[in-house]
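Have a look at query_36.txt; it's compact mmCIF, C-alpha atoms:
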```txt
# COMPACT_ATOMS: atom_id res chain seq x y z
CA MET A 1 0.00 0.00 0.00
CA LYS A 2 1.47 3.33 -1.07
CA GLU A 3 2.05 6.02 1.54
CA TYR A 4 1.65 9.77 1.17
CA VAL A 5 5.20 11.02 1.77
CA PHE A 6 6.12 14.50 2.98
CA ASP A 7 8.68 16.48 0.97
CA LYS A 8 10.78 16.73 4.13
CA GLU A 9 10.54 14.67 7.31
CA LEU A 10 8.68 16.49 10.07
CA LYS A 11 10.53 17.61 13.18
CA GLU A 12 9.39 16.68 16.69
CA ALA A 13 8.91 19.62 19.08
CA ILE A 14 6.98 20.71 22.20
CA ILE A 15 4.09 23.17 22.29
CA ILE A 16 4.58 25.98 24.80
CA LYS A 17 1.15 27.57 24.33
CA ARG A 18 -1.53 28.30 21.78
CA ASN A 19 -1.70 32.03 21.26
CA SER A 20 -4.78 32.24 19.05
CA GLN A 21 -6.68 30.36 16.36
CA PHE A 22 -3.74 30.77 14.03
CA THR A 23 -0.49 30.57 16.01
CA MET A 24 1.32 28.51 18.64
CA ASN A 25 4.59 29.07 20.45
CA VAL A 26 6.66 25.91 20.10
CA LEU A 27 10.02 24.77 21.47
CA ILE A 28 12.04 23.56 18.46
CA ASP A 29 15.63 22.40 18.98
CA GLY A 30 15.83 24.45 22.18
CA ARG A 31 14.47 27.65 20.55
CA GLU A 32 11.03 29.16 21.07
CA GLU A 33 9.39 29.75 17.69
CA LYS A 34 6.01 31.21 16.74
CA CYS A 35 4.40 28.65 14.41
CA HIS A 36 1.36 28.59 12.18
CA CYS A 37 -1.58 26.55 13.51
CA PRO A 38 -3.57 25.14 10.55
CA ALA A 39 -6.57 24.15 12.72
CA THR A 40 -8.68 27.22 13.41
CA THR A 41 -11.13 25.33 15.68
CA ARG A 42 -10.40 23.90 19.10
CA ILE A 43 -8.57 20.57 19.14
CA GLY A 44 -10.64 18.19 21.21
CA ASN A 45 -10.99 19.27 24.82
CA VAL A 46 -7.27 19.29 25.59
CA ASP A 47 -4.89 21.95 26.79
CA VAL A 48 -2.18 21.64 24.13
CA SER A 49 0.46 23.35 26.30
CA GLY A 50 3.30 20.92 26.96
CA LEU A 51 2.21 18.38 24.37
CA ARG A 52 4.60 16.99 21.78
CA CYS A 53 3.99 17.97 18.19
CA LEU A 54 5.34 17.56 14.67
CA VAL A 55 6.26 20.66 12.69
CA SER A 56 7.00 21.24 9.03
CA GLU A 57 9.53 23.79 7.85
CA SER A 58 9.11 26.16 4.91
CA ASN A 59 11.87 28.04 3.11
CA ASP A 60 9.41 30.32 1.31
CA PRO A 61 10.58 33.91 2.02
CA LYS A 62 7.02 35.20 1.48
CA ARG A 63 5.71 33.29 4.49
CA LYS A 64 5.54 35.17 7.79
CA LEU A 65 6.08 32.02 9.87
CA LYS A 66 8.73 29.45 9.03
CA TYR A 67 7.09 26.49 10.81
CA THR A 68 3.63 24.89 10.79
CA VAL A 69 2.33 22.55 13.50
CA GLU A 70 1.13 19.50 11.56
CA ALA A 71 0.26 17.01 14.31
CA ILE A 72 -0.12 16.71 18.08
CA LEU A 73 0.47 13.75 20.41
CA MET A 74 -2.35 13.07 22.86
CA ASP A 75 -1.52 9.54 23.94
CA ASP A 76 1.41 8.29 26.05
CA PRO A 77 4.63 9.93 24.72
CA ASP A 78 6.63 6.87 25.77
CA GLU A 79 4.75 4.58 23.38
CA ALA A 80 7.00 3.30 20.61
CA ASP A 81 4.17 3.49 18.05
CA LYS A 82 2.94 7.04 18.58
CA ASN A 83 -0.59 7.91 17.51
CA TRP A 84 -0.04 11.42 16.13
CA VAL A 85 -3.22 13.45 15.50
CA GLY A 86 -2.91 15.44 12.28
CA ILE A 87 -4.47 18.92 12.51
CA ASN A 88 -3.78 20.39 9.07
CA LEU A 89 -7.20 20.56 7.41
CA ILE A 90 -5.78 21.42 3.98
CA LEU A 91 -3.57 18.33 4.13
CA SER A 92 -6.68 16.11 4.26
CA ASN A 93 -7.65 17.08 0.71
CA ARG A 94 -4.13 16.41 -0.55
CA ILE A 95 -4.14 12.99 1.08
CA VAL A 96 -7.59 12.14 -0.30
CA GLU A 97 -6.47 13.17 -3.79
CA PHE A 98 -3.39 10.93 -3.42
CA LEU A 99 -5.50 7.99 -2.23
CA LEU A 100 -7.90 8.44 -5.13
CA SER A 101 -5.07 8.71 -7.68
CA THR A 102 -3.52 5.50 -6.33
CA HIS A 103 -6.93 3.76 -6.20
CA GLN A 104 -6.73 3.06 -2.48
CA LEU A 105 -10.35 4.15 -2.00
CA ASP A 106 -11.86 1.82 -4.58
CA SER A 107 -14.13 0.25 -1.96
CA MET A 108 -15.79 3.67 -1.76
CA VAL A 109 -15.61 4.85 -5.37
CA SER A 110 -13.91 3.01 -8.24
CA ASP A 111 -15.60 3.93 -11.53
CA TYR A 112 -13.63 6.99 -12.65
CA ASP A 113 -10.97 8.07 -15.11
CA GLU A 114 -10.44 11.56 -13.74
CA VAL A 115 -10.32 13.31 -10.37
CA LYS A 116 -11.26 17.00 -10.43
CA ARG A 117 -10.55 19.38 -7.53
CA GLU A 118 -12.78 22.24 -6.33
CA VAL A 119 -15.80 21.89 -8.60
CA PHE A 120 -18.93 24.01 -8.46
CA LEU A 121 -22.27 22.43 -7.66
CA GLY A 122 -25.08 24.96 -7.52
CA ILE A 123 -23.82 27.82 -5.35
CA SER A 124 -21.22 25.69 -3.57
CA LYS A 125 -17.67 24.75 -4.42
CA LEU A 126 -17.15 21.12 -3.43
CA ASP A 127 -13.83 19.38 -2.90
CA PHE A 128 -13.87 16.72 -5.62
CA LEU A 129 -15.70 15.33 -8.60
CA VAL A 130 -14.58 11.72 -9.00
CA GLY A 131 -16.06 10.36 -12.21
CA SER A 132 -19.75 11.09 -11.60
CA THR A 133 -19.48 11.21 -7.81
CA TYR A 134 -19.31 14.46 -5.86
CA LEU A 135 -17.13 14.22 -2.78
CA GLU A 136 -16.98 16.68 0.10
CA VAL A 137 -14.22 16.21 2.71
CA LYS A 138 -14.45 17.21 6.35
CA THR A 139 -11.85 16.81 9.10
CA PRO A 140 -13.54 17.20 12.49
CA LEU A 141 -11.26 18.15 15.38
CA THR A 142 -13.69 19.40 18.02
CA THR A 143 -13.92 15.76 19.13
CA VAL A 144 -10.77 13.63 18.80
CA ASN A 145 -11.42 9.92 19.22
CA VAL A 146 -8.15 8.86 20.81
CA LYS A 147 -7.41 7.65 24.32
CA TYR A 148 -5.60 10.45 26.12
CA GLY A 149 -2.36 9.81 27.95
CA ASP A 150 -2.19 10.21 31.73
CA LYS A 151 -0.38 13.55 31.46
CA VAL A 152 -2.80 15.15 29.01
CA LYS A 153 -4.73 18.00 30.63
CA THR A 154 -8.34 18.52 29.58
CA LYS A 155 -10.42 21.67 29.83
CA LYS A 156 -14.09 22.55 29.89
CA VAL A 157 -15.35 23.44 26.43
CA THR A 158 -18.48 25.20 25.25
CA PRO A 159 -20.75 24.07 22.39
CA PHE A 160 -19.53 25.24 19.00
CA SER A 161 -21.63 26.51 16.11
CA SER A 162 -21.64 24.38 12.96
CA THR A 163 -20.87 26.57 9.99
CA ASP A 164 -23.26 27.68 7.26
CA ARG A 165 -20.73 26.18 4.83
CA MET A 166 -21.38 22.68 6.19
CA VAL A 167 -25.16 23.02 5.87
CA LYS A 168 -24.92 24.53 2.39
CA HIS A 169 -22.61 21.83 1.09
CA VAL A 170 -24.70 18.97 2.48
CA ARG A 171 -27.79 20.42 0.79
CA GLU A 172 -25.92 20.78 -2.49
CA LEU A 173 -24.68 17.19 -2.24
CA ALA A 174 -28.26 15.97 -1.83
CA GLY A 175 -29.36 18.08 -4.79
CA SER A 176 -26.59 16.66 -6.99
CA LEU A 177 -28.28 13.27 -7.02
CA LYS A 178 -30.85 14.61 -9.46
CA ASP A 179 -28.25 14.51 -12.21
CA HIS A 180 -25.37 12.45 -10.80
CA GLU A 181 -25.19 8.91 -9.58
CA ARG A 182 -23.64 9.45 -6.17
CA ALA A 183 -22.67 12.01 -3.56
CA ILE A 184 -20.42 11.31 -0.57
CA LEU A 185 -19.61 13.19 2.62
CA LEU A 186 -16.17 11.89 3.65
CA THR A 187 -14.90 12.28 7.21
CA VAL A 188 -11.10 12.11 7.46
CA HIS A 189 -9.38 11.17 10.72
CA GLN A 190 -5.68 11.99 10.46
CA TYR A 191 -5.07 9.48 13.25
CA GLU A 192 -6.04 6.00 14.41
CA PRO A 193 -9.28 6.15 16.47
CA THR A 194 -8.73 4.30 19.76
CA GLU A 195 -11.61 5.56 21.92
CA ILE A 196 -14.99 6.79 20.72
CA LYS A 197 -15.94 9.93 22.62
CA PRO A 198 -19.34 11.62 22.93
CA HIS A 199 -19.85 14.61 20.68
CA LEU A 200 -20.84 17.87 22.31
CA ARG A 201 -23.96 19.08 20.54
CA SER A 202 -23.49 22.27 18.57
CA THR A 203 -25.60 25.35 19.23
CA ASN A 204 -27.53 24.72 15.99
CA PHE A 205 -27.63 20.92 16.35
CA GLU A 206 -31.30 20.54 15.41
CA GLU A 207 -30.91 22.47 12.14
CA VAL A 208 -27.80 20.54 11.09
CA SER A 209 -29.39 17.20 12.06
CA ALA A 210 -32.50 17.96 9.99
CA VAL A 211 -30.36 18.81 6.95
CA MET A 212 -28.33 15.60 7.42
CA ARG A 213 -31.45 13.41 7.74
CA GLU A 214 -32.91 14.96 4.59
CA ALA A 215 -29.64 14.44 2.68
CA LEU A 216 -29.29 10.82 3.80
CA GLY A 217 -32.89 10.20 2.80
CA LYS A 218 -32.10 11.46 -0.70
CA GLY A 219 -29.16 9.09 -1.01
CA VAL A 220 -26.10 10.99 0.20
CA GLU A 221 -23.56 8.52 1.59
CA CYS A 222 -21.29 9.03 4.59
CA TRP A 223 -17.86 7.39 4.79
CA ASN A 224 -14.90 7.53 7.18
CA VAL A 225 -11.20 7.31 6.38
CA ASP A 226 -8.75 6.51 9.19
CA LEU A 227 -5.06 7.32 8.70
CA LYS A 228 -1.71 6.68 10.34
CA PHE A 229 0.31 9.90 10.73
CA THR A 230 4.11 9.70 11.11
CA PRO A 231 6.99 12.18 10.72
CA LYS A 232 7.69 10.70 7.28
CA GLY A 233 4.20 10.53 5.84
CA VAL A 234 0.62 9.28 6.10
CA LYS A 235 -0.82 5.88 5.22
CA LEU A 236 -4.35 4.55 4.96
CA LEU A 237 -5.61 2.39 7.82
CA GLY A 238 -9.22 1.82 6.79
CA VAL A 239 -12.27 2.98 4.85
CA THR A 240 -15.75 2.54 6.36
CA ASN A 241 -19.27 3.22 5.10
CA THR A 242 -21.11 4.84 8.04
CA THR A 243 -24.35 5.68 6.22
CA GLU A 244 -26.45 2.95 7.80
CA ASP A 245 -25.24 3.84 11.30
CA LEU A 246 -26.23 7.49 10.82
CA LEU A 247 -29.66 6.54 9.47
CA LYS A 248 -30.44 4.93 12.82
CA TYR A 249 -30.35 8.28 14.63
```
Please go through the file and, once you have read it, give me the structure as structure tokens.
Amino acid sequence: MKEYVFDKELKEAIIIKRNSQFTMNVLIDGREEKCHCPATTRIGNVDVSGLRCLVSESNDPKRKLKYTVEAILMDDPDEADKNWVGINLILSNRIVEFLLSTHQLDSMVSDYDEVKREVFLGISKLDFLVGSTYLEVKTPLTTVNVKYGDKVKTKKVTPFSSTDRMVKHVRELAGSLKDHERAILLTVHQYEPTEIKPHLRSTNFEEVSAVMREALGKGVECWNVDLKFTPKGVKLLGVTNTTEDLLKY
């Protein structure tokens, strides 16, 4: 099975603190650096201060910050086989494109000659058109389904608000089935799930749930992809159709 390989191996570091949605102070090779945080939402219910992380380095002179935090370690740091949690949402689309191009997702969609990125459907721009299947990728981080290590500190979190973008795209996916064979909402876990955790209901839970039930009733499918994140790259662990499970709720 082919692995998505990074251009340069990621460097292990330690998070000092998260400053805002967009930046973290990180200890890299004994130096404190301000790094880009590619996850604008909260990351589970953990206090990331003191946690180990993986950072990528950019030599682009136009970038304000040289480093980006790509993954965080929430399990026992002494484990030989670390379960890094990838937090770069943009990376998910690159990985999915790689998995499609190498036909590692054929159990989900296999009848295609071309993979198109960022295609318009109605008023929405969706992530992929794979043959005649529209594919929208999401990478949820407000709940992280991994067993936390003993030294991981948790914090009280408040309900978040699901975005209008999510609702709009799900509706457009359901509408696409009028003219196209399939539409898939793909959830990407950039880690190996080891403990299923309850989801905190969003402030507009009822609205989002109604839209999801309507979309599933029209034939939208829901799938999960689980990945193994390492300093060298990312490999596929499993692909699961979760449509029937969601229809039960």
Interatomic distance (Å, one decimal) between CA of Thr41 (chain A) and CA of Leu89 (chain A):
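Taking CA of Thr41 (chain A) and CA of Leu89 (chain A), their separation equals 10.3 Å.
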Which residue gives the smallest distance to Thr230 (chain A) among A:Asn83, A:Ser101, A:Ser124, A:Ser132, with all atoms listed in the file counted?
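Going through A:Asn83, A:Ser101, A:Ser124, A:Ser132 one by one, the smallest distance to Thr230 (chain A) is for A:Asn83.
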Quiz prompt | Near-region 231-238 of chain A list (12 Å; all atoms listed in the file; drop same-chain fewer than 6 positions) as an MDAnalysis selection string | solution = chainID A and resid 1:13 53:56 69:73 81:86 91:92 94:96 98:100 102:108 187:193 223:225
Practice task
Find the residues around Arg42 (chain A) up to 8 Å (only C-alpha atoms counted), leave out those fewer than 2 positions away in its own chain, and share them as a ChimeraX atom specification.
Solution key: /A:21,39-40,44-45,141-142
Expressed in Å, the length from CA of Lys168 (chain A) to CA of Leu126 (chain A) is 10.3 Å
*Taking all atoms listed in the file into account, which of A:Lys34, A:Lys125, A:Lys151, A:Lys66 comes nearest Arg52 (chain A)?*
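Ranking A:Lys34, A:Lys125, A:Lys151, A:Lys66 by distance to Arg52 (chain A), first place goes to A:Lys151.
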